[in-house]
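S.K.: Before I ask anything, let me first share the structure, which is written out below as structure tokens.
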Amino acid sequence: MITLLEEFPSAEAIRKASLKKIEKVLNSRNKGLALKLNAEQIKALAAKSVGVCKPMLEKTVLHIIRELNFLTEELKKCDKELIEAVSVYSHEDFEILTSIPGIGKLTAAQVLAEIGDINRFETVKQLTAYAGTDPGISQSGNSLVQKRISKRGNSSVRRIGFLTALHLISMNKVFKEYYDKKIRENMNGKKAVIAVFNKFLRCVFSMLKNKKTFSFNYS
């Protein structure tokens with residue numbers, strides 16, 4: 001869609017374009033993926049659009065797209081540099097984490113960069129507290145009530161962890177089975193994903209402490 005906007009930065013530009021030209025733009029960047037909208041549907045939407053067509057607005061759209069493209073390329077460079085740095089300075093731990101099916105080089109580098117030396121944590125509870133995915137506790141009179149996750153820790157770890165958990169559910173049978181188990185226990189989807197992330201943290205803690213690569217039996 002960004003490529004389409006780069007070629008046709010307004011509804012008016014799409015209305016004036018031929019179906020053949022729109023199709024050419026769509027097919028130039030979809031990398032074989034099925035598109036949700038075809039050229040005819042896009043033209044139909046443009047025909048109904050109430051958007052204002054002004055040359056300066058089109059220029060603004062193009063400027064934002066150039067900025068997005070620049071930042072995307074810079075992010076790719078940062079990701080590459082992070083992977084190279086972590087794989088050098090934490091080579092053994094990097095190899096251990098990437099042995100988990102569903103954990104790629106970038107995810108492993110991000111996790112290691114955020115948690116640092118695993119020996120900073122004496123227990124897995126300290127690691128989950130650092131991530132902020134430990135259950136929060138509140139006191140009411142003489143009673144302690146368990147609430148939602150505390151969110152006291154590193155927000156970057158939680159962000160990476162949530163996306164990692166979603167990927168593990170789709171790519172790793174151990175974590176998929178654990179997720180399904182939590183759903184059967186009437187846990188809602190978001191809480192089940194957090195539970196998967198906490199299981200991932202337990203695996204990470206144990207594997208890095210014991211210098212063991214992943215195996216389905218070990219997990």
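Following the order of the structure tokens, chains are lettered A, B, ..., residues in each are numbered from 1, and ligands are numbered from 1.
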Within 10 Å of A:Phe197, counting only C-alpha atoms, which residues show up once you throw out same-chain ones fewer than 5 positions away? Write them as a short mmCIF file (atom, residue, chain, number, x, y, z; two decimals) with N, CA and C atoms, in the first residue's frame, please.
M.R.:
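See out_25.cif below for the written result:
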```
data_model
loop_
_atom_site.label_atom_id
_atom_site.label_comp_id
_atom_site.auth_asym_id
_atom_site.auth_seq_id
_atom_site.Cartn_x
_atom_site.Cartn_y
_atom_site.Cartn_z
N THR A 128 11.35 -12.85 35.67
CA THR A 128 9.99 -12.46 35.28
C THR A 128 9.61 -11.12 35.91
N ALA A 131 11.06 -8.51 33.76
CA ALA A 131 10.24 -8.33 32.56
C ALA A 131 8.91 -7.67 32.90
N THR A 133 6.28 -9.33 34.03
CA THR A 133 5.18 -10.25 33.74
C THR A 133 4.87 -11.15 34.93
N ARG A 158 8.94 -6.75 27.67
CA ARG A 158 7.54 -7.16 27.50
C ARG A 158 7.10 -7.04 26.05
N ILE A 160 9.00 -7.11 23.28
CA ILE A 160 9.65 -8.18 22.53
C ILE A 160 9.04 -9.52 22.88
N GLY A 161 8.77 -9.71 24.19
CA GLY A 161 8.26 -10.99 24.66
C GLY A 161 6.90 -11.33 24.11
N PHE A 162 6.00 -10.33 24.03
CA PHE A 162 4.66 -10.59 23.52
C PHE A 162 4.72 -11.05 22.06
N LEU A 163 5.52 -10.36 21.25
CA LEU A 163 5.67 -10.74 19.85
C LEU A 163 6.35 -12.10 19.71
N THR A 164 7.35 -12.34 20.58
CA THR A 164 8.05 -13.63 20.56
C THR A 164 7.11 -14.77 20.90
N ALA A 165 6.27 -14.55 21.91
CA ALA A 165 5.32 -15.59 22.32
C ALA A 165 4.35 -15.92 21.20
N LEU A 166 3.85 -14.91 20.50
CA LEU A 166 2.94 -15.15 19.38
C LEU A 166 3.63 -15.99 18.30
N LEU A 168 6.23 -18.05 18.75
CA LEU A 168 6.48 -19.39 19.27
C LEU A 168 5.21 -20.25 19.21
N ILE A 169 4.08 -19.64 19.47
CA ILE A 169 2.81 -20.39 19.42
C ILE A 169 2.58 -20.97 18.03
N PHE A 175 5.39 -24.81 22.83
CA PHE A 175 4.71 -23.60 23.27
C PHE A 175 3.26 -23.55 22.77
N TYR A 179 0.07 -23.18 25.17
CA TYR A 179 -0.95 -22.16 24.91
C TYR A 179 -2.35 -22.79 24.87
N LYS A 191 -3.90 -13.32 28.17
CA LYS A 191 -3.25 -13.89 29.35
C LYS A 191 -2.51 -15.18 28.98
N ALA A 192 -3.09 -15.96 28.06
CA ALA A 192 -2.44 -17.20 27.62
C ALA A 192 -1.13 -16.90 26.91
N ARG A 202 11.28 -19.00 31.51
CA ARG A 202 11.77 -20.12 32.33
C ARG A 202 12.75 -20.98 31.55
N CYS A 203 12.43 -21.21 30.26
CA CYS A 203 13.33 -21.97 29.39
C CYS A 203 14.66 -21.23 29.22
#
```
S.K.: Go through stretch 20-216 of chain A and collect every residue that DSSP, computed from the backbone, puts in strand (DSSP E); the answer should be as a ChimeraX atom specification.
M.R.: /A:135-140,143-149
S.K.: What separation in Å, quoted to one decimal, exists between atom CA of A:Gly189 and atom CA of A:Ser156?
M.R.: 20.9 Å
S.K.: For A:Glu23, list every protein, DNA or RNA residue within 9 Å, evaluated using only C-alpha atoms, and leave out those in the same chain fewer than 5 positions away; present the list as a list of chain:residue names.
M.R.: A:Ser18, A:Ser28, A:Asn38, A:Ala39, A:Glu40
S.K.: Write out as a VMD selection string which residues come within 12 Å of A:Glu6 when counting only C-alpha atoms, dropping same-chain ones fewer than 5 positions away.
M.R.: chain A and resid 1 13 to 14 22 25 to 26 58 to 69
S.K.: Which residues are close to stretch 93-110 of chain A, i.e. within 7 Å by only C-alpha atoms, leaving aside same-chain residues fewer than 6 positions away? Reply as a list in words.
M.R.: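 That gives Asp79, Leu82, Ile83, Val86, Ser87, His167, Leu168, Met171, Asn172, Leu208, Lys212, Thr213 and Phe214 of chain A.
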S.K.: Output C-alpha atoms for every residue in the selection just made, as a PDB file, in the first residue's frame.
M.R.:
```
ATOM      1  CA  ASP A  79      19.122  -4.907  13.503  1.00  0.00           C
ATOM      2  CA  LEU A  82      22.791  -5.706  16.949  1.00  0.00           C
ATOM      3  CA  ILE A  83      22.934  -9.305  15.719  1.00  0.00           C
ATOM      4  CA  VAL A  86      25.539  -9.940  20.364  1.00  0.00           C
ATOM      5  CA  SER A  87      26.769 -12.930  18.364  1.00  0.00           C
ATOM      6  CA  HIS A 167       5.641 -16.425  17.025  1.00  0.00           C
ATOM      7  CA  LEU A 168       6.476 -19.391  19.272  1.00  0.00           C
ATOM      8  CA  MET A 171       6.239 -22.188  15.180  1.00  0.00           C
ATOM      9  CA  ASN A 172       7.025 -24.389  18.193  1.00  0.00           C
ATOM     10  CA  LEU A 208      21.486 -20.129  29.872  1.00  0.00           C
ATOM     11  CA  LYS A 212      22.098 -26.277  27.401  1.00  0.00           C
ATOM     12  CA  THR A 213      20.640 -25.980  23.916  1.00  0.00           C
ATOM     13  CA  PHE A 214      16.940 -26.596  23.350  1.00  0.00           C
TER      14      PHE A 214
END
```
S.K.: Taking only C-alpha atoms into account, name the residue in A:Glu81, A:Glu92, A:Glu177, A:Glu185 that is nearest to A:Lys199.
M.R.: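 Closest to A:Lys199, using only C-alpha atoms: A:Glu177.
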S.K.: Which neighbours of A:Tyr178 fall inside 10 Å, counting only C-alpha atoms, when residues of the same chain fewer than 2 positions from it are skipped, and could you give them as a PDB file with C-alpha atoms, in the first residue's frame?
M.R.:
```pdb
ATOM      1  CA  ILE A 169       2.812 -20.393  19.421  1.00  0.00           C
ATOM      2  CA  LYS A 173       4.850 -27.342  19.226  1.00  0.00           C
ATOM      3  CA  VAL A 174       5.937 -27.162  22.890  1.00  0.00           C
ATOM      4  CA  PHE A 175       4.709 -23.599  23.268  1.00  0.00           C
ATOM      5  CA  LYS A 176       1.635 -24.218  21.081  1.00  0.00           C
ATOM      6  CA  ASP A 180      -3.764 -24.593  24.037  1.00  0.00           C
ATOM      7  CA  LYS A 181      -3.640 -25.966  27.591  1.00  0.00           C
ATOM      8  CA  LYS A 182      -4.104 -22.483  29.046  1.00  0.00           C
ATOM      9  CA  ILE A 183      -7.017 -21.807  26.699  1.00  0.00           C
ATOM     10  CA  ARG A 184      -8.648 -25.077  27.807  1.00  0.00           C
ATOM     11  CA  ALA A 192      -2.442 -17.196  27.625  1.00  0.00           C
ATOM     12  CA  VAL A 193       0.134 -15.416  25.432  1.00  0.00           C
ATOM     13  CA  ALA A 195       1.782 -17.333  30.134  1.00  0.00           C
ATOM     14  CA  VAL A 196       3.640 -18.600  27.050  1.00  0.00           C
ATOM     15  CA  LYS A 199       7.329 -20.253  30.000  1.00  0.00           C
TER      16      LYS A 199
END
```
S.K.: Just the number, please: distance in Å from atom CA of A:Tyr130 to atom CA of A:Ser155, one decimal.
M.R.: 9.2 Å
S.K.: To test your reading of the structure, identify every residue in stretch 51-103 of chain A that backbone DSSP assigns to helix (DSSP H, G or I), and report it as a ChimeraX atom specification.
M.R.: /A:55-89,91-97
S.K.: List the neighbours of A:Ala44 out to 12 Å using only C-alpha atoms; skip same-chain residues closer than 3 positions along the sequence, and give me the result as a PDB file with C-alpha atoms, in the first residue's frame.
M.R.:
```pdb
ATOM      1  CA  ALA A  11      -7.672   9.336  -4.389  1.00  0.00           C
ATOM      2  CA  GLU A  12      -7.780  11.617  -7.419  1.00  0.00           C
ATOM      3  CA  ILE A  14      -5.932   6.652  -8.363  1.00  0.00           C
ATOM      4  CA  ARG A  15      -9.151   7.636 -10.149  1.00  0.00           C
ATOM      5  CA  LYS A  16      -7.130   8.944 -13.100  1.00  0.00           C
ATOM      6  CA  ALA A  17      -4.868   5.877 -13.290  1.00  0.00           C
ATOM      7  CA  LEU A  19      -6.353  -0.515 -14.008  1.00  0.00           C
ATOM      8  CA  LEU A  37      -7.653  -5.648  -2.590  1.00  0.00           C
ATOM      9  CA  ASN A  38      -7.341  -5.810  -6.352  1.00  0.00           C
ATOM     10  CA  ALA A  39      -7.011  -2.898  -8.758  1.00  0.00           C
ATOM     11  CA  GLU A  40     -10.753  -2.704  -9.488  1.00  0.00           C
ATOM     12  CA  GLN A  41     -11.619  -2.570  -5.775  1.00  0.00           C
ATOM     13  CA  ALA A  47     -14.283   6.823  -6.696  1.00  0.00           C
ATOM     14  CA  LYS A  48     -16.246   7.009  -3.435  1.00  0.00           C
ATOM     15  CA  SER A  49     -13.544   8.848  -1.518  1.00  0.00           C
TER      16      SER A  49
END
```
